[in-house]
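Colleague: For reference, the structure I am asking about is given below.
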Amino acid sequence: MVHVAILGFGTVGSGVAEVLTTNGRLIDQRVNNLVRLKYILDVRDFPDSPYQDLFVKDFSVIENDPEVDIVVETIGGARIALDFTTRALKAGKSVVTSNKELVATHGYELLQLAKANGCSYLFEASVGGGIPILRPLTSCLAANELSQVTGILNGTTNYILTRMIRAGLTFEEALREAQANGYAEKDPTADVDGHDACRKICILAALAFGEHVYPDQVPTEGIRRVTLGDVAYADSCGYKIKLLGRCLRMPENKVCAFVAPHLVPGDDPLAGVEDVFNAIAVTGNAIGDVMFYGRGAGKLPTASAVVADVIDIAKDLKKDRRNGWGPGSPDMMVSPDVLPSRWYVRANMTVEQAREACGEIQPLARGGAPEEETAFLTGEMTAPALQEKLAGVDVSSCFRVL
Ligand code: NDP
Ligand code: HSE
């Protein structure tokens, strides 16, 4: 029998218990063993829960029980979750998590620790919610040298943008809905300001390029500066505004990674990704382009990915899964400032002034725009070149075009 303990009985943890119970027979068949939930740890009480007998408040009960093989960490954050994960791995118990903050900040050392203790640290649910992406990236695409990964990586912000555009909700109303659906982080500024997408692109970059990329090495901008006016201008020229996490292999084994709102051409598959859905586009030198799509957040989709990791480990508790990466280094990172692209600009200036500053431009129009406002698409140039051209101009929005 394989015994599982869940740490944190919130949105994801309760989903994991539900999937383990509802699909129990099927899971046992697939593992060819009995997989049983033995403990649930949470700071809160759940008097009406059907799992009443399983709740404990003291982690050492789990840590010291030799029957526990797999610990599911769904508490979140990088404090108590780091302590519990470290202790579980040191006790030789494999850990499965959906906690991207912990993987992005401490993944390298935790993977080393798992290896040293003959157990596994798996985190399929940490990127893209229910979308199978990390295992396909390292297994199904293993024959490729990967050159870039581009993704809509945050369900909450994609949901907010979709609801504001399609249902005319205010930002606050759309955020409240995302929270009620269980999509948002405990502190939703992590979603809105791009930090959640940043953690996910760090994990994708580490798996794609083999070295740890830390969140503070990744320039990150969220969706706060995106207005409905920007959305209307983008629409007028056949683009959608999406928050993208991107990482690219650069010459000399360097890596460029960043998170920012982008104008995505309407015929790009990423443009049609709406609501809580995420999508991750990967380019490899043998496969070409491939895209992974599905629900990026939510109780059962995320639990689906967590339980898949539990099943993988339960099939062979001692297998060396070789899912590590190198420690990374600051001089491995390249600034996105070197990447030329077209730009969308909204600024207080005339079309003539925009032309004078930026050369050939494509002016954009929308109903109800203030007279002093001009929006336009530039030709290809780097961010510093654009900044120089627009020095002294009152720029309200400036987003890269994919
Ligand atoms: P929740 O806040 O819903 O659940 C976390 C649970 O852990 C809460 O019940 C919380 O209690 C409890 N908890 C907090 N501190 C402790 C502690 N010291 N000991 C035991 N339990 C504790 O979070 P989610 O389920 O939404 O997210 C969990 C993780 O999964 C996060 O890392 C998140 O980023 C990630 N994730 C979430 C997804 C989603 O759709 N929600 C999707 C993919 C990943 P209390 O509420 O009282 O603090
Ligand atoms: N808050 C995250 C999101 C949860 O909205 O994408 C899934 O990682």
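Please note that chains go A, B, ... in the order of the structure tokens, that every chain numbers its residues from 1, and that ligands are numbered from 1 in the order shown.
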Could you list, with a cut-off of 6 Å and counting only C-alpha atoms and all ligand atoms, the residues of chain A near ligand 2, each shown with its nearest atom pair and the distance in Å rounded to one decimal, rows sorted by chain and ascending number, as a Markdown table?
Modeller:
| residue | atom | partner | partner_atom_place_in_ligand_line | distance |
| --- | --- | --- | --- | --- |
| A:Gly129 | CA | ligand 2 | 7 (C) | 5.3 |
| A:Asn154 | CA | ligand 2 | 6 (O) | 3.4 |
| A:Gly155 | CA | ligand 2 | 6 (O) | 3.7 |
| A:Thr156 | CA | ligand 2 | 5 (O) | 3.6 |
| A:Tyr183 | CA | ligand 2 | 5 (O) | 4.7 |
| A:Ala184 | CA | ligand 2 | 1 (N) | 4.0 |
| A:Glu185 | CA | ligand 2 | 1 (N) | 4.4 |
| A:Asp191 | CA | ligand 2 | 1 (N) | 5.8 |
| A:Gly296 | CA | ligand 2 | 6 (O) | 5.5 |
| A:Ala297 | CA | ligand 2 | 7 (C) | 4.1 |
Colleague: With all heavy atoms retained, write the just-selected residues as an mmCIF file, in the first residue's frame.
Modeller:
data_model
loop_
_atom_site.group_PDB
_atom_site.id
_atom_site.type_symbol
_atom_site.label_atom_id
_atom_site.label_comp_id
_atom_site.auth_asym_id
_atom_site.auth_seq_id
_atom_site.Cartn_x
_atom_site.Cartn_y
_atom_site.Cartn_z
ATOM 1 N N GLY A 129 -1.541 24.848 -14.454
ATOM 2 C CA GLY A 129 -2.647 24.147 -13.769
ATOM 3 C C GLY A 129 -2.760 22.711 -14.239
ATOM 4 O O GLY A 129 -1.869 21.896 -14.021
ATOM 5 N N ASN A 154 -0.904 32.683 -16.679
ATOM 6 C CA ASN A 154 -1.676 33.027 -15.478
ATOM 7 C C ASN A 154 -3.162 33.052 -15.799
ATOM 8 O O ASN A 154 -3.620 33.874 -16.608
ATOM 9 C CB ASN A 154 -1.207 34.370 -14.922
ATOM 10 C CG ASN A 154 -1.927 34.711 -13.620
ATOM 11 O OD1 ASN A 154 -2.922 35.413 -13.625
ATOM 12 N ND2 ASN A 154 -1.439 34.169 -12.515
ATOM 13 N N GLY A 155 -3.903 32.151 -15.159
ATOM 14 C CA GLY A 155 -5.336 32.037 -15.421
ATOM 15 C C GLY A 155 -6.107 33.252 -14.940
ATOM 16 O O GLY A 155 -7.030 33.721 -15.603
ATOM 17 N N THR A 156 -5.709 33.780 -13.785
ATOM 18 C CA THR A 156 -6.453 34.900 -13.191
ATOM 19 C C THR A 156 -6.423 36.127 -14.102
ATOM 20 O O THR A 156 -7.470 36.725 -14.383
ATOM 21 C CB THR A 156 -5.852 35.252 -11.813
ATOM 22 O OG1 THR A 156 -5.961 34.096 -10.983
ATOM 23 C CG2 THR A 156 -6.557 36.425 -11.171
ATOM 24 N N TYR A 183 -9.222 30.784 -8.506
ATOM 25 C CA TYR A 183 -8.103 30.878 -9.452
ATOM 26 C C TYR A 183 -6.942 31.699 -8.891
ATOM 27 O O TYR A 183 -5.788 31.459 -9.240
ATOM 28 C CB TYR A 183 -8.526 31.553 -10.764
ATOM 29 C CG TYR A 183 -9.670 30.895 -11.495
ATOM 30 C CD1 TYR A 183 -10.495 31.639 -12.342
ATOM 31 C CD2 TYR A 183 -9.929 29.541 -11.367
ATOM 32 C CE1 TYR A 183 -11.535 31.062 -13.037
ATOM 33 C CE2 TYR A 183 -10.978 28.947 -12.049
ATOM 34 C CZ TYR A 183 -11.783 29.718 -12.885
ATOM 35 O OH TYR A 183 -12.810 29.143 -13.566
ATOM 36 N N ALA A 184 -7.270 32.718 -8.081
ATOM 37 C CA ALA A 184 -6.255 33.716 -7.708
ATOM 38 C C ALA A 184 -5.354 33.208 -6.594
ATOM 39 O O ALA A 184 -5.719 32.328 -5.822
ATOM 40 C CB ALA A 184 -6.941 35.005 -7.280
ATOM 41 N N GLU A 185 -4.154 33.792 -6.529
ATOM 42 C CA GLU A 185 -3.249 33.514 -5.416
ATOM 43 C C GLU A 185 -3.830 34.137 -4.144
ATOM 44 O O GLU A 185 -4.682 35.019 -4.198
ATOM 45 C CB GLU A 185 -1.871 34.117 -5.697
ATOM 46 C CG GLU A 185 -1.165 33.506 -6.877
ATOM 47 C CD GLU A 185 -0.961 32.009 -6.724
ATOM 48 O OE1 GLU A 185 -0.311 31.578 -5.776
ATOM 49 O OE2 GLU A 185 -1.474 31.257 -7.579
ATOM 50 N N ASP A 191 -0.716 37.672 -9.053
ATOM 51 C CA ASP A 191 -1.280 37.430 -10.386
ATOM 52 C C ASP A 191 -1.208 38.708 -11.215
ATOM 53 O O ASP A 191 -0.654 38.732 -12.307
ATOM 54 C CB ASP A 191 -2.749 36.984 -10.277
ATOM 55 C CG ASP A 191 -2.924 35.688 -9.513
ATOM 56 O OD1 ASP A 191 -2.475 34.656 -10.014
ATOM 57 O OD2 ASP A 191 -3.505 35.708 -8.402
ATOM 58 N N GLY A 296 -5.777 26.619 -16.784
ATOM 59 C CA GLY A 296 -4.546 26.990 -16.090
ATOM 60 C C GLY A 296 -4.678 27.123 -14.597
ATOM 61 O O GLY A 296 -3.680 27.350 -13.905
ATOM 62 N N ALA A 297 -5.879 27.018 -14.059
ATOM 63 C CA ALA A 297 -6.089 27.142 -12.615
ATOM 64 C C ALA A 297 -7.426 26.494 -12.272
ATOM 65 O O ALA A 297 -8.191 26.123 -13.163
ATOM 66 C CB ALA A 297 -6.072 28.614 -12.196
#
Colleague: For ligand 1, return the neighbouring residues as a ChimeraX atom specification (distance at most 9 Å; only C-alpha atoms and all ligand atoms).
Modeller: /A:7-15,40-44,57-59,73-81,84,97-102,125-130,155-156,179,181-186,196,296-303
Colleague: Which residue out of A:Leu204, A:Val149, A:Val276, A:Leu20 has the minimum interatomic distance to Gly288 in chain A when only C-alpha atoms are used?
Modeller: A:Val149
Colleague: Counting only C-alpha atoms, which residue out of A:Ile241, A:Leu82, A:Val213, A:Ala314 sits closest to Gln29 in chain A?
Modeller: A:Ala314
Colleague: Mind pulling up the distance from CA of Val19 in chain A to CA of Leu317 in chain A?
Modeller: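 CA of Leu317 in chain A sits 20.3 Å away from CA of Val19 in chain A.
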Colleague: Go through range 214-252 of chain A residue by residue and, counting only C-alpha atoms, keep those with an atom at most 10 Å from range 369-378 of chain A; for each kept residue give the shortest atom pair and its distance in Å to one decimal, ordered by chain and increasing number, as CSV.
Modeller:
residue,atom,partner,partner_atom,distance
A:Gly229,CA,A:Ala369,CA,7.8
A:Asp230,CA,A:Ala375,CA,8.5
A:Tyr233,CA,A:Ala375,CA,7.3
A:Ala234,CA,A:Ala375,CA,9.5
A:Cys237,CA,A:Leu377,CA,9.3
Colleague: Could the residues in this selection be written to a file with all heavy atoms, as an mmCIF file, in the first residue's frame?
Modeller:
data_model
loop_
_atom_site.group_PDB
_atom_site.id
_atom_site.type_symbol
_atom_site.label_atom_id
_atom_site.label_comp_id
_atom_site.auth_asym_id
_atom_site.auth_seq_id
_atom_site.Cartn_x
_atom_site.Cartn_y
_atom_site.Cartn_z
ATOM 1 N N GLY A 229 -9.024 51.025 -23.482
ATOM 2 C CA GLY A 229 -8.616 51.804 -24.664
ATOM 3 C C GLY A 229 -7.536 51.062 -25.439
ATOM 4 O O GLY A 229 -7.593 50.950 -26.671
ATOM 5 N N ASP A 230 -6.555 50.514 -24.715
ATOM 6 C CA ASP A 230 -5.488 49.741 -25.378
ATOM 7 C C ASP A 230 -6.083 48.527 -26.096
ATOM 8 O O ASP A 230 -5.685 48.197 -27.218
ATOM 9 C CB ASP A 230 -4.455 49.253 -24.345
ATOM 10 C CG ASP A 230 -3.691 50.396 -23.700
ATOM 11 O OD1 ASP A 230 -3.341 51.357 -24.418
ATOM 12 O OD2 ASP A 230 -3.464 50.334 -22.476
ATOM 13 N N TYR A 233 -7.714 49.684 -29.308
ATOM 14 C CA TYR A 233 -6.715 49.978 -30.341
ATOM 15 C C TYR A 233 -6.145 48.677 -30.926
ATOM 16 O O TYR A 233 -5.980 48.537 -32.135
ATOM 17 C CB TYR A 233 -5.562 50.798 -29.757
ATOM 18 C CG TYR A 233 -5.845 52.279 -29.618
ATOM 19 C CD1 TYR A 233 -5.674 52.916 -28.390
ATOM 20 C CD2 TYR A 233 -6.249 53.042 -30.715
ATOM 21 C CE1 TYR A 233 -5.913 54.277 -28.246
ATOM 22 C CE2 TYR A 233 -6.484 54.405 -30.575
ATOM 23 C CZ TYR A 233 -6.317 55.016 -29.345
ATOM 24 O OH TYR A 233 -6.549 56.358 -29.216
ATOM 25 N N ALA A 234 -5.826 47.728 -30.036
ATOM 26 C CA ALA A 234 -5.258 46.448 -30.494
ATOM 27 C C ALA A 234 -6.244 45.741 -31.413
ATOM 28 O O ALA A 234 -5.881 45.254 -32.492
ATOM 29 C CB ALA A 234 -4.920 45.574 -29.287
ATOM 30 N N CYS A 237 -6.545 46.731 -35.126
ATOM 31 C CA CYS A 237 -5.552 46.283 -36.121
ATOM 32 C C CYS A 237 -5.366 44.767 -36.072
ATOM 33 O O CYS A 237 -4.351 44.231 -36.525
ATOM 34 C CB CYS A 237 -4.228 47.010 -35.923
ATOM 35 S SG CYS A 237 -3.565 46.911 -34.255
#
Colleague: Which is closest to Gly151 in chain A among A:Leu122, A:Ala305, A:Leu364, A:Leu244, if we use only C-alpha atoms?
Modeller: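 Looking only at the distances to Gly151 in chain A, the closest residue turns out to be A:Leu244.
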Colleague: Can you tell me how far CA of Ala354 in chain A sits from CA of Asp394 in chain A, in Å to one decimal?
Modeller: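 Taking CA of Ala354 in chain A and CA of Asp394 in chain A, their separation equals 11.7 Å.
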Colleague: Excluding Lys319 in chain A and any residue of its chain fewer than 3 positions from it, enumerate the residues within 12 Å of it, using only C-alpha atoms, and give them as a ChimeraX atom specification.
Modeller: /A:94,114-115,117-121,312-316,322-323
Colleague: Run DSSP on the backbone and grab whatever in range 59-210 of chain A lands in strand (DSSP E); send it over as a list of chain:residue names.
Modeller: A:Val68, A:Asp69, A:Ile70, A:Val71, A:Val72, A:Glu73, A:Ser94, A:Val95, A:Val96, A:Thr97, A:Tyr121, A:Leu122, A:Leu146, A:Ser147, A:Gln148, A:Val149, A:Thr150, A:Gly151, A:Ile152
Colleague: Please identify which residues in range 217-386 of chain A DSSP calls alpha helix (DSSP H) from the backbone, and express them as an MDAnalysis selection string.
Modeller: chainID A and resid 228:236 299:315 351:358 383:386
Colleague: What's the 10 Å shell around Glu173 in chain A, counting only C-alpha atoms, without same-chain residues fewer than 4 positions away, as an MDAnalysis selection string?
Modeller: chainID A and resid 160 163:164 168:169 177:179
Colleague: Output C-alpha atoms for every residue in the selection just made, as a PDB file, in the first residue's frame.
Modeller:
ATOM      1  CA  ILE A 160      -9.796  39.258 -15.817  1.00  0.00           C
ATOM      2  CA  ARG A 163     -14.300  39.306 -18.492  1.00  0.00           C
ATOM      3  CA  MET A 164     -13.482  43.018 -18.804  1.00  0.00           C
ATOM      4  CA  GLY A 168     -17.766  44.847 -19.580  1.00  0.00           C
ATOM      5  CA  LEU A 169     -16.845  44.098 -15.944  1.00  0.00           C
ATOM      6  CA  GLU A 177     -14.962  36.528  -9.765  1.00  0.00           C
ATOM      7  CA  ALA A 178     -11.518  34.988 -10.283  1.00  0.00           C
ATOM      8  CA  GLN A 179     -11.048  34.812  -6.502  1.00  0.00           C
TER       9      GLN A 179
END
Colleague: Given only C-alpha atoms as the basis, pick out the residue of A:Val192, A:Val4, A:Val95, A:Val306 nearest to Thr220 in chain A.
Modeller: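 Of the candidates, the smallest distance to Thr220 in chain A is held by A:Val192.
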Colleague: What does the distance from CA of Ile165 in chain A to CA of Val395 in chain A come to in Å, to one decimal?
Modeller: 22.8 Å
Colleague: Neighbouring residues of range 49-53 of chain A were defined as those with any atom within 10 Å, considering only C-alpha atoms; residues of the same chain fewer than 5 positions away were excluded. Please report them as a PDB file with N, CA and C atoms, in the first residue's frame.
Modeller:
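Here's the written file result_19.pdb:
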ATOM      1  N   SER A  14      -7.880  20.244  -1.355  1.00  0.00           N
ATOM      2  CA  SER A  14      -9.184  19.561  -1.257  1.00  0.00           C
ATOM      3  C   SER A  14      -9.510  18.879  -2.583  1.00  0.00           C
ATOM      4  N   ALA A  17      -7.677  15.530  -2.607  1.00  0.00           N
ATOM      5  CA  ALA A  17      -8.405  14.518  -1.813  1.00  0.00           C
ATOM      6  C   ALA A  17      -9.599  13.987  -2.610  1.00  0.00           C
ATOM      7  N   GLU A  18     -10.306  14.911  -3.275  1.00  0.00           N
ATOM      8  CA  GLU A  18     -11.501  14.508  -4.032  1.00  0.00           C
ATOM      9  C   GLU A  18     -11.134  13.580  -5.201  1.00  0.00           C
ATOM     10  N   LEU A  37      -5.049   7.828   1.145  1.00  0.00           N
ATOM     11  CA  LEU A  37      -4.817   9.096   1.838  1.00  0.00           C
ATOM     12  C   LEU A  37      -4.804   8.812   3.339  1.00  0.00           C
ATOM     13  N   LYS A  38      -3.671   9.147   3.996  1.00  0.00           N
ATOM     14  CA  LYS A  38      -3.580   8.822   5.428  1.00  0.00           C
ATOM     15  C   LYS A  38      -3.740  10.052   6.322  1.00  0.00           C
ATOM     16  N   TYR A  39      -3.218  11.194   5.892  1.00  0.00           N
ATOM     17  CA  TYR A  39      -3.300  12.407   6.717  1.00  0.00           C
ATOM     18  C   TYR A  39      -3.627  13.614   5.860  1.00  0.00           C
ATOM     19  N   ILE A  40      -4.297  14.576   6.491  1.00  0.00           N
ATOM     20  CA  ILE A  40      -4.435  15.921   5.915  1.00  0.00           C
ATOM     21  C   ILE A  40      -4.019  16.901   7.007  1.00  0.00           C
TER      22      ILE A  40
END
